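Q: File my_file-v3.json below, JSON, C-alpha atoms:
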```
[["chain", "number", "residue", "atom", "x", "y", "z"],
["A", 297, "MET", "CA", -21.10, -9.62, -5.63],
["A", 298, "LYS", "CA", -19.91, -6.83, -7.95],
["A", 299, "GLN", "CA", -23.50, -5.60, -8.17],
["A", 300, "ALA", "CA", -23.78, -5.40, -4.37],
["A", 301, "ILE", "CA", -20.55, -3.40, -4.22],
["A", 302, "GLN", "CA", -21.73, -1.05, -6.97],
["A", 303, "GLN", "CA", -25.03, -0.48, -5.17],
["A", 304, "TYR", "CA", -23.13, 0.28, -1.96],
["A", 305, "LEU", "CA", -20.86, 2.79, -3.69],
["A", 306, "GLU", "CA", -23.77, 4.53, -5.41],
["A", 307, "LYS", "CA", -25.79, 4.72, -2.19],
["A", 308, "HIS", "CA", -23.02, 6.48, -0.30],
["A", 309, "GLY", "CA", -21.38, 8.36, -3.13],
["A", 310, "PHE", "CA", -18.04, 6.64, -2.59],
["A", 311, "GLU", "CA", -15.57, 6.30, -5.45],
["A", 312, "ALA", "CA", -14.36, 2.79, -4.64],
["A", 313, "LEU", "CA", -14.28, 0.07, -2.00],
["A", 314, "ARG", "CA", -10.64, -0.32, -0.93],
["A", 315, "PRO", "CA", -10.63, -2.56, 2.16],
["A", 316, "LYS", "CA", -7.76, -2.32, 4.62],
["A", 317, "ALA", "CA", -9.50, -4.00, 7.58],
["A", 318, "VAL", "CA", -12.20, -6.50, 8.48],
["A", 319, "LEU", "CA", -14.21, -5.80, 11.64],
["A", 320, "PHE", "CA", -15.75, -8.93, 13.17],
["A", 321, "ASP", "CA", -18.55, -9.16, 15.68],
["A", 322, "MET", "CA", -17.75, -11.75, 18.35],
["A", 323, "ASP", "CA", -20.71, -13.85, 19.53],
["A", 324, "GLY", "CA", -22.29, -15.88, 16.76],
["A", 325, "VAL", "CA", -19.49, -14.86, 14.39],
["A", 326, "LEU", "CA", -16.17, -15.83, 15.99],
["A", 327, "TYR", "CA", -17.74, -18.16, 18.54],
["A", 328, "ASP", "CA", -20.72, -20.51, 18.32],
["A", 329, "SER", "CA", -21.91, -19.00, 21.58],
["A", 330, "MET", "CA", -25.37, -17.58, 21.11],
["A", 331, "SER", "CA", -27.23, -20.61, 22.51],
["A", 332, "HIS", "CA", -25.21, -20.23, 25.73],
["A", 333, "HIS", "CA", -25.95, -16.51, 25.88],
["A", 334, "ALA", "CA", -29.65, -17.19, 25.44],
["A", 335, "VAL", "CA", -29.63, -19.60, 28.40],
["A", 336, "ALA", "CA", -27.65, -17.16, 30.54],
["A", 337, "TRP", "CA", -30.00, -14.29, 29.68],
["A", 338, "GLN", "CA", -33.10, -16.32, 30.53],
["A", 339, "LYS", "CA", -31.78, -17.64, 33.85],
["A", 340, "SER", "CA", -30.23, -14.40, 35.05],
["A", 341, "MET", "CA", -33.11, -12.12, 34.16],
["A", 342, "ALA", "CA", -35.62, -14.49, 35.77],
["A", 343, "THR", "CA", -33.92, -13.79, 39.11],
["A", 344, "PHE", "CA", -34.90, -10.13, 38.69],
["A", 345, "GLY", "CA", -38.47, -10.85, 37.58],
["A", 346, "ILE", "CA", -37.71, -10.20, 33.89],
["A", 347, "ARG", "CA", -38.92, -12.65, 31.24],
["A", 348, "MET", "CA", -36.48, -12.96, 28.38],
["A", 349, "THR", "CA", -37.04, -15.45, 25.57],
["A", 350, "VAL", "CA", -34.56, -17.07, 23.20],
["A", 351, "ASP", "CA", -35.86, -14.80, 20.44],
["A", 352, "ASP", "CA", -35.28, -11.77, 22.69],
["A", 353, "ALA", "CA", -31.67, -12.85, 23.17],
["A", 354, "TYR", "CA", -31.05, -13.14, 19.42],
["A", 355, "ALA", "CA", -32.99, -9.97, 18.56],
["A", 356, "THR", "CA", -30.95, -7.86, 21.01],
["A", 357, "GLU", "CA", -27.62, -9.56, 20.28],
["A", 358, "GLY", "CA", -24.80, -7.10, 19.76],
["A", 359, "ALA", "CA", -26.24, -4.35, 21.93],
["A", 360, "ARG", "CA", -24.48, -3.43, 25.16],
["A", 361, "GLY", "CA", -25.77, -5.74, 27.88],
["A", 362, "VAL", "CA", -26.70, -2.85, 30.17],
["A", 363, "ASP", "CA", -28.72, -1.23, 27.37],
["A", 364, "THR", "CA", -30.67, -4.47, 26.78],
["A", 365, "ILE", "CA", -31.40, -4.75, 30.50],
["A", 366, "ARG", "CA", -32.57, -1.16, 30.82],
["A", 367, "MET", "CA", -34.86, -1.65, 27.84],
["A", 368, "MET", "CA", -36.34, -4.88, 29.21],
["A", 369, "VAL", "CA", -36.90, -3.42, 32.68],
["A", 370, "LYS", "CA", -38.63, -0.38, 31.21],
["A", 371, "LYS", "CA", -40.78, -2.56, 28.96],
["A", 372, "GLN", "CA", -41.82, -5.11, 31.57],
["A", 373, "GLN", "CA", -41.67, -3.21, 34.87],
["A", 374, "GLY", "CA", -42.32, 0.32, 33.67],
["A", 375, "ARG", "CA", -39.35, 1.83, 35.47],
["A", 376, "ASP", "CA", -36.12, 3.49, 34.48],
["A", 377, "ILE", "CA", -32.94, 2.15, 36.03],
["A", 378, "ASP", "CA", -29.50, 3.72, 35.98],
["A", 379, "GLU", "CA", -26.44, 2.13, 34.44],
["A", 380, "MET", "CA", -25.10, 1.04, 37.82],
["A", 381, "GLU", "CA", -28.18, -1.06, 38.59],
["A", 382, "ALA", "CA", -28.17, -2.47, 35.07],
["A", 383, "GLN", "CA", -24.50, -3.37, 35.49],
["A", 384, "ARG", "CA", -25.26, -5.32, 38.66],
["A", 385, "MET", "CA", -27.89, -7.29, 36.76],
["A", 386, "TYR", "CA", -25.50, -7.80, 33.86],
["A", 387, "ASP", "CA", -22.88, -9.14, 36.27],
["A", 388, "GLU", "CA", -25.31, -11.94, 37.12],
["A", 389, "LYS", "CA", -25.81, -12.67, 33.43],
["A", 390, "THR", "CA", -22.02, -12.84, 33.07],
["A", 391, "ARG", "CA", -21.79, -15.26, 36.00],
["A", 392, "GLN", "CA", -24.43, -17.50, 34.47],
["A", 393, "PHE", "CA", -22.67, -17.48, 31.09],
["A", 394, "HIS", "CA", -19.29, -18.48, 32.53],
["A", 395, "ALA", "CA", -20.91, -21.30, 34.49],
["A", 396, "LEU", "CA", -21.69, -22.98, 31.16],
["A", 397, "PRO", "CA", -19.17, -25.07, 29.16],
["A", 398, "GLU", "CA", -16.73, -23.15, 26.96],
["A", 399, "THR", "CA", -18.08, -22.46, 23.48],
["A", 400, "ASN", "CA", -16.36, -23.49, 20.24],
["A", 401, "VAL", "CA", -14.64, -21.27, 17.71],
["A", 402, "MET", "CA", -16.99, -20.87, 14.76],
["A", 403, "GLN", "CA", -16.25, -23.31, 11.95],
["A", 404, "GLY", "CA", -14.50, -21.61, 9.02],
["A", 405, "VAL", "CA", -13.45, -18.44, 10.81],
["A", 406, "LEU", "CA", -9.77, -19.34, 11.22],
["A", 407, "ASP", "CA", -9.58, -20.16, 7.51],
["A", 408, "LEU", "CA", -11.15, -16.79, 6.73],
["A", 409, "MET", "CA", -8.79, -14.92, 9.07],
["A", 410, "ALA", "CA", -5.77, -16.65, 7.51],
["A", 411, "GLN", "CA", -6.86, -15.41, 4.08],
["A", 412, "ILE", "CA", -7.51, -11.89, 5.34],
["A", 413, "HIS", "CA", -4.12, -11.81, 7.06],
["A", 414, "ALA", "CA", -2.38, -13.13, 3.94],
["A", 415, "ASP", "CA", -3.97, -10.31, 1.94],
["A", 416, "GLY", "CA", -2.43, -7.77, 4.34],
["A", 417, "LEU", "CA", -5.66, -6.52, 5.91],
["A", 418, "THR", "CA", -6.00, -5.64, 9.60],
["A", 419, "ILE", "CA", -8.39, -7.73, 11.68],
["A", 420, "GLY", "CA", -10.50, -6.06, 14.37],
["A", 421, "VAL", "CA", -13.26, -7.21, 16.72],
["A", 422, "VAL", "CA", -16.25, -5.06, 17.66],
["A", 423, "THR", "CA", -18.30, -6.57, 20.48],
["A", 424, "GLY", "CA", -21.06, -5.42, 22.79],
["A", 425, "SER", "CA", -19.39, -7.41, 25.55],
["A", 426, "GLY", "CA", -17.02, -5.97, 28.08],
["A", 427, "GLN", "CA", -16.16, -9.18, 29.92],
["A", 428, "ARG", "CA", -12.40, -9.49, 30.47],
["A", 429, "PRO", "CA", -12.38, -13.31, 30.28],
["A", 430, "LEU", "CA", -13.88, -13.12, 26.78],
["A", 431, "ILE", "CA", -11.28, -10.57, 25.68],
["A", 432, "ASN", "CA", -8.53, -12.84, 27.02],
["A", 433, "ARG", "CA", -9.99, -15.75, 25.08],
["A", 434, "LEU", "CA", -10.08, -13.70, 21.87],
["A", 435, "LEU", "CA", -6.37, -13.08, 22.23],
["A", 436, "LYS", "CA", -5.69, -16.76, 23.01],
["A", 437, "ASP", "CA", -7.70, -18.09, 20.07],
["A", 438, "PHE", "CA", -6.96, -15.42, 17.46],
["A", 439, "GLY", "CA", -3.71, -13.85, 18.68],
["A", 440, "THR", "CA", -1.94, -14.80, 15.45],
["A", 441, "TYR", "CA", -4.20, -12.33, 13.63],
["A", 442, "LEU", "CA", -5.57, -10.01, 16.33],
["A", 443, "SER", "CA", -4.06, -7.56, 18.80],
["A", 444, "GLU", "CA", -5.81, -6.07, 21.82],
["A", 445, "ASP", "CA", -5.61, -2.53, 20.49],
["A", 446, "HIS", "CA", -7.87, -3.61, 17.61],
["A", 447, "ILE", "CA", -10.68, -4.79, 19.93],
["A", 448, "VAL", "CA", -13.69, -2.54, 20.64],
["A", 449, "THR", "CA", -15.75, -3.46, 23.73],
["A", 450, "ALA", "CA", -18.87, -2.11, 25.40],
["A", 451, "TYR", "CA", -16.69, 0.17, 27.50],
["A", 452, "ASP", "CA", -15.16, 1.94, 24.49],
["A", 453, "VAL", "CA", -18.43, 3.59, 23.46],
["A", 454, "LYS", "CA", -21.37, 5.31, 25.11],
["A", 455, "HIS", "CA", -23.88, 4.21, 22.50],
["A", 456, "GLY", "CA", -23.80, 0.53, 21.52],
["A", 457, "LYS", "CA", -25.21, -1.25, 18.48],
["A", 458, "PRO", "CA", -27.40, -0.46, 16.51],
["A", 459, "ALA", "CA", -25.76, 2.99, 16.75],
["A", 460, "PRO", "CA", -22.76, 3.33, 14.42],
["A", 461, "ASP", "CA", -20.41, 4.26, 17.28],
["A", 462, "PRO", "CA", -18.87, 0.80, 17.87],
["A", 463, "TYR", "CA", -17.91, 0.35, 14.24],
["A", 464, "LEU", "CA", -16.74, 3.93, 13.89],
["A", 465, "MET", "CA", -14.48, 3.22, 16.88],
["A", 466, "GLY", "CA", -13.35, 0.05, 15.10],
["A", 467, "LEU", "CA", -12.32, 2.11, 12.08],
["A", 468, "GLN", "CA", -10.43, 4.46, 14.38],
["A", 469, "LYS", "CA", -8.61, 1.67, 16.22],
["A", 470, "CYS", "CA", -7.59, -0.02, 12.98],
["A", 471, "GLY", "CA", -5.80, 3.05, 11.68],
["A", 472, "ASN", "CA", -8.27, 5.93, 11.45],
["A", 473, "LEU", "CA", -9.84, 4.33, 8.39],
["A", 474, "LYS", "CA", -12.69, 5.63, 6.25],
["A", 475, "PRO", "CA", -15.92, 3.60, 5.89],
["A", 476, "TRP", "CA", -15.00, 2.43, 2.38],
["A", 477, "GLU", "CA", -11.74, 0.98, 3.73],
["A", 478, "ALA", "CA", -13.31, -1.87, 5.74],
["A", 479, "PHE", "CA", -15.76, -4.75, 5.84],
["A", 480, "VAL", "CA", -18.04, -5.59, 8.76],
["A", 481, "VAL", "CA", -18.87, -9.26, 9.48],
["A", 482, "GLU", "CA", -22.05, -9.65, 11.53],
["A", 483, "ASN", "CA", -24.76, -12.20, 12.29],
["A", 484, "ALA", "CA", -27.41, -10.16, 14.10],
["A", 485, "PRO", "CA", -29.82, -7.44, 12.96],
["A", 486, "LEU", "CA", -28.65, -4.85, 15.50],
["A", 487, "GLY", "CA", -25.04, -5.41, 14.47],
["A", 488, "VAL", "CA", -25.90, -5.22, 10.78],
["A", 489, "LYS", "CA", -27.72, -1.95, 11.42],
["A", 490, "ALA", "CA", -24.66, -0.60, 13.25],
["A", 491, "GLY", "CA", -22.33, -1.49, 10.37],
["A", 492, "VAL", "CA", -24.70, 0.02, 7.82],
["A", 493, "ALA", "CA", -25.15, 3.16, 9.94],
["A", 494, "ALA", "CA", -21.35, 3.53, 9.95],
["A", 495, "GLN", "CA", -21.52, 3.33, 6.12],
["A", 496, "ILE", "CA", -19.30, 0.23, 6.04],
["A", 497, "PHE", "CA", -19.88, -2.62, 3.57],
["A", 498, "THR", "CA", -21.60, -5.16, 5.84],
["A", 499, "LEU", "CA", -21.44, -8.93, 5.38],
["A", 500, "ALA", "CA", -24.06, -10.93, 7.28],
["A", 501, "VAL", "CA", -23.45, -14.58, 8.16],
["A", 502, "ASN", "CA", -26.73, -16.12, 9.30],
["A", 503, "THR", "CA", -25.53, -18.41, 12.09],
["A", 504, "GLY", "CA", -28.71, -18.02, 14.16],
["A", 505, "PRO", "CA", -32.41, -18.89, 13.89],
["A", 506, "LEU", "CA", -33.58, -15.63, 12.32],
["A", 507, "PRO", "CA", -34.64, -15.67, 8.64],
["A", 508, "ASP", "CA", -32.36, -14.04, 6.05],
["A", 509, "LYS", "CA", -35.04, -11.41, 5.48],
["A", 510, "VAL", "CA", -34.39, -9.94, 8.94],
["A", 511, "LEU", "CA", -30.73, -9.38, 8.05],
["A", 512, "ALA", "CA", -31.63, -8.07, 4.60],
["A", 513, "ASP", "CA", -34.15, -5.65, 6.10],
["A", 514, "ALA", "CA", -31.43, -4.47, 8.50],
["A", 515, "GLY", "CA", -29.41, -3.48, 5.42],
["A", 516, "ALA", "CA", -26.84, -6.25, 4.94],
["A", 517, "ASN", "CA", -24.98, -5.80, 1.66],
["A", 518, "LEU", "CA", -24.36, -9.55, 1.26],
["A", 519, "ILE", "CA", -25.71, -12.54, 3.21],
["A", 520, "PHE", "CA", -23.99, -15.91, 3.66],
["A", 521, "ALA", "CA", -25.56, -19.02, 5.15],
["A", 522, "LYS", "CA", -22.49, -19.98, 7.18],
["A", 523, "MET", "CA", -18.93, -18.89, 7.84],
["A", 524, "PRO", "CA", -17.25, -21.46, 5.51],
["A", 525, "ASP", "CA", -19.31, -19.96, 2.67],
["A", 526, "LEU", "CA", -17.80, -16.53, 3.35],
["A", 527, "ALA", "CA", -14.32, -18.05, 3.62],
["A", 528, "GLU", "CA", -14.82, -19.71, 0.23],
["A", 529, "ALA", "CA", -16.07, -16.45, -1.30],
["A", 530, "TRP", "CA", -13.31, -14.26, 0.19],
["A", 531, "HIS", "CA", -11.03, -14.30, -2.84],
["A", 532, "SER", "CA", -13.87, -13.27, -5.16],
["A", 533, "LEU", "CA", -15.00, -10.60, -2.71],
["A", 534, "ILE", "CA", -11.59, -8.99, -2.35],
["A", 535, "SER", "CA", -10.98, -9.20, -6.11],
["A", 536, "SER", "CA", -14.30, -7.47, -6.80],
["A", 537, "SER", "CA", -13.61, -4.63, -4.38],
["A", 538, "VAL", "CA", -10.31, -3.28, -5.63]]
```
Kindly transcribe the structure held in the file into structure tokens.

A:
Amino acid sequence: MKQAIQQYLEKHGFEALRPKAVLFDMDGVLYDSMSHHAVAWQKSMATFGIRMTVDDAYATEGARGVDTIRMMVKKQQGRDIDEMEAQRMYDEKTRQFHALPETNVMQGVLDLMAQIHADGLTIGVVTGSGQRPLINRLLKDFGTYLSEDHIVTAYDVKHGKPAPDPYLMGLQKCGNLKPWEAFVVENAPLGVKAGVAAQIFTLAVNTGPLPDKVLADAGANLIFAKMPDLAEAWHSLISSSV
């Protein structure tokens, strides 16, 4: 753990890692929701003649939905569509998702948040979603630790993950922080790439079907098999970083 932090500091030329905030991705990190998203993506895109596999859903997780749609349409139909058309298609994906049963809070995440909160760090959420019902649920489930002004959605940035913009906005919303003053918690390669591009120490929790190597290749500083493992390691992590 200390070695990973030292490598991070040397890579970026930072003096120290002094975390003041933890920026969480939402799907696959706070909620065990990715299987539902995969089903919704497959069903909704099929209505527009787009084939989207489960692997496609996981590989593009974290990106803005409209960006994923524009990419898939270009790839499969050879045409460029504007954001308005992509939004209409994304609305159908949203409808399909909310027709499915409500997903569960990820095991171990409330324990982790309680520790983070007790240590005096700010908790933020950085998601590629912009769906109001999901934002409302975040506040219902995590309102003890999270406020709405610390949530970054798809509509807060022009360029979604893997661009650094969402996590740079997360730093801004959590108090105009510097990259060395936060952790990112992600589960998907595009999200890991976004955290790394923002020069933030990025923790990957592999809650999906992709091999650890995919997250390592994306640049994750540390990889955990599941959220309870990160919760158990939190004390050591925070002790090693200050």

Q: Quick one: everything within 10 Å of Leu518 of chain A, counting all atoms listed in the file, minus sequence neighbours fewer than 3 positions away in the same chain. Send it as a PyMOL selection string.

A: chain A and resi 297+300-301+481+497-501+511-512+515+526

Q: Store the residues of this selection in a file with C-alpha atoms, as a PDB file, in the coordinates of the input.

A:
```pdb
ATOM      1  CA  MET A 297     -21.100  -9.620  -5.630  1.00  0.00           C
ATOM      2  CA  ALA A 300     -23.780  -5.400  -4.370  1.00  0.00           C
ATOM      3  CA  ILE A 301     -20.550  -3.400  -4.220  1.00  0.00           C
ATOM      4  CA  VAL A 481     -18.870  -9.260   9.480  1.00  0.00           C
ATOM      5  CA  PHE A 497     -19.880  -2.620   3.570  1.00  0.00           C
ATOM      6  CA  THR A 498     -21.600  -5.160   5.840  1.00  0.00           C
ATOM      7  CA  LEU A 499     -21.440  -8.930   5.380  1.00  0.00           C
ATOM      8  CA  ALA A 500     -24.060 -10.930   7.280  1.00  0.00           C
ATOM      9  CA  VAL A 501     -23.450 -14.580   8.160  1.00  0.00           C
ATOM     10  CA  LEU A 511     -30.730  -9.380   8.050  1.00  0.00           C
ATOM     11  CA  ALA A 512     -31.630  -8.070   4.600  1.00  0.00           C
ATOM     12  CA  GLY A 515     -29.410  -3.480   5.420  1.00  0.00           C
ATOM     13  CA  LEU A 526     -17.800 -16.530   3.350  1.00  0.00           C
TER      14      LEU A 526
END
```

Q: Can you tell me how far atom CA of Glu388 of chain A sits from atom CA of Met402 of chain A, in Å to one decimal?

A: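 These two atoms are separated by 25.5 Å.
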
Q: Could you list, as a list of chain:residue names, every residue within 9 Å of Lys389 of chain A, counting all atoms listed in the file and ignoring same-chain residues fewer than 6 positions away?

A: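 The neighbour list is A:His333, A:Ala336, A:Trp337, A:Gln338, A:Lys339, A:Ser340, A:Met341, A:Gly361.
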
Q: What separation in Å, quoted to one decimal, exists between atom CA of Lys371 of chain A and atom CA of Thr356 of chain A?

A: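 So the answer is 13.7 Å.
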
Q: With distances taken over all atoms listed in the file, which residue among A:Pro507, A:Ser537, A:His332, A:Ala459 lies nearest Ile519 of chain A?

A: A:Pro507

Q: For atom CA of Pro505 of chain A and atom CA of Val401 of chain A, quote the distance in Å rounded to one decimal.

A: 18.3 Å

Q: Please provide as an mmCIF file with C-alpha atoms, in the coordinates of the input all residues within 8 Å of Gly487 of chain A, with the sequence filter that same-chain residues fewer than 4 positions apart are discarded (counting only C-alpha atoms).

A:
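Saved as part-v5.cif:
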```cif
data_model
loop_
_atom_site.group_PDB
_atom_site.id
_atom_site.type_symbol
_atom_site.label_atom_id
_atom_site.label_comp_id
_atom_site.auth_asym_id
_atom_site.auth_seq_id
_atom_site.Cartn_x
_atom_site.Cartn_y
_atom_site.Cartn_z
ATOM 1 C CA ASP A 321 -18.550 -9.160 15.680
ATOM 2 C CA GLU A 357 -27.620 -9.560 20.280
ATOM 3 C CA GLY A 358 -24.800 -7.100 19.760
ATOM 4 C CA ALA A 359 -26.240 -4.350 21.930
ATOM 5 C CA LYS A 457 -25.210 -1.250 18.480
ATOM 6 C CA PRO A 458 -27.400 -0.460 16.510
ATOM 7 C CA GLU A 482 -22.050 -9.650 11.530
ATOM 8 C CA ASN A 483 -24.760 -12.200 12.290
ATOM 9 C CA GLY A 491 -22.330 -1.490 10.370
#
```

Q: Please provide the set of residues having any atom within 9 Å of Tyr354 of chain A, restricted to all atoms listed in the file, with same-chain residues fewer than 5 positions apart removed, written as a PDB file with C-alpha atoms, keeping the file's coordinate frame.

A:
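This went into part_25.pdb:
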```pdb
ATOM      1  CA  MET A 330     -25.370 -17.580  21.110  1.00  0.00           C
ATOM      2  CA  SER A 331     -27.230 -20.610  22.510  1.00  0.00           C
ATOM      3  CA  HIS A 333     -25.950 -16.510  25.880  1.00  0.00           C
ATOM      4  CA  ALA A 334     -29.650 -17.190  25.440  1.00  0.00           C
ATOM      5  CA  THR A 349     -37.040 -15.450  25.570  1.00  0.00           C
ATOM      6  CA  ALA A 484     -27.410 -10.160  14.100  1.00  0.00           C
ATOM      7  CA  PRO A 485     -29.820  -7.440  12.960  1.00  0.00           C
ATOM      8  CA  GLY A 504     -28.710 -18.020  14.160  1.00  0.00           C
ATOM      9  CA  PRO A 505     -32.410 -18.890  13.890  1.00  0.00           C
ATOM     10  CA  LEU A 506     -33.580 -15.630  12.320  1.00  0.00           C
TER      11      LEU A 506
END
```

Q: Do you know which residues are at most 9 Å from segment 313-320 of chain A counting only C-alpha atoms, after dropping those on the same chain fewer than 3 positions away, and could you put them as a ChimeraX atom specification?

A: /A:301,304-305,310,325-326,412,416-423,446,463,466-467,470-471,473,475-482,497,534,536-538

Q: Of the residues A:Lys474, A:Met368, A:Tyr441, A:Gln299, which is the one nearest to Ala414 of chain A, using all atoms listed in the file?

A: A:Tyr441

Q: With all atoms listed in the file as the basis for distance, which of A:Leu430, A:Asp407, A:Arg391, A:Gln372 is at the shortest distance from Ser329 of chain A?

A: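 Checking each of A:Leu430, A:Asp407, A:Arg391, A:Gln372 against Ser329 of chain A, counting all atoms listed in the file, the winner is A:Leu430.
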
Q: Calculated over all atoms listed in the file, which of the candidates A:Leu464, A:Gln427, A:Gln403, A:Lys454 has the smallest distance to Pro524 of chain A?

A: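 Result for the nearest residue to Pro524 of chain A: A:Gln403.
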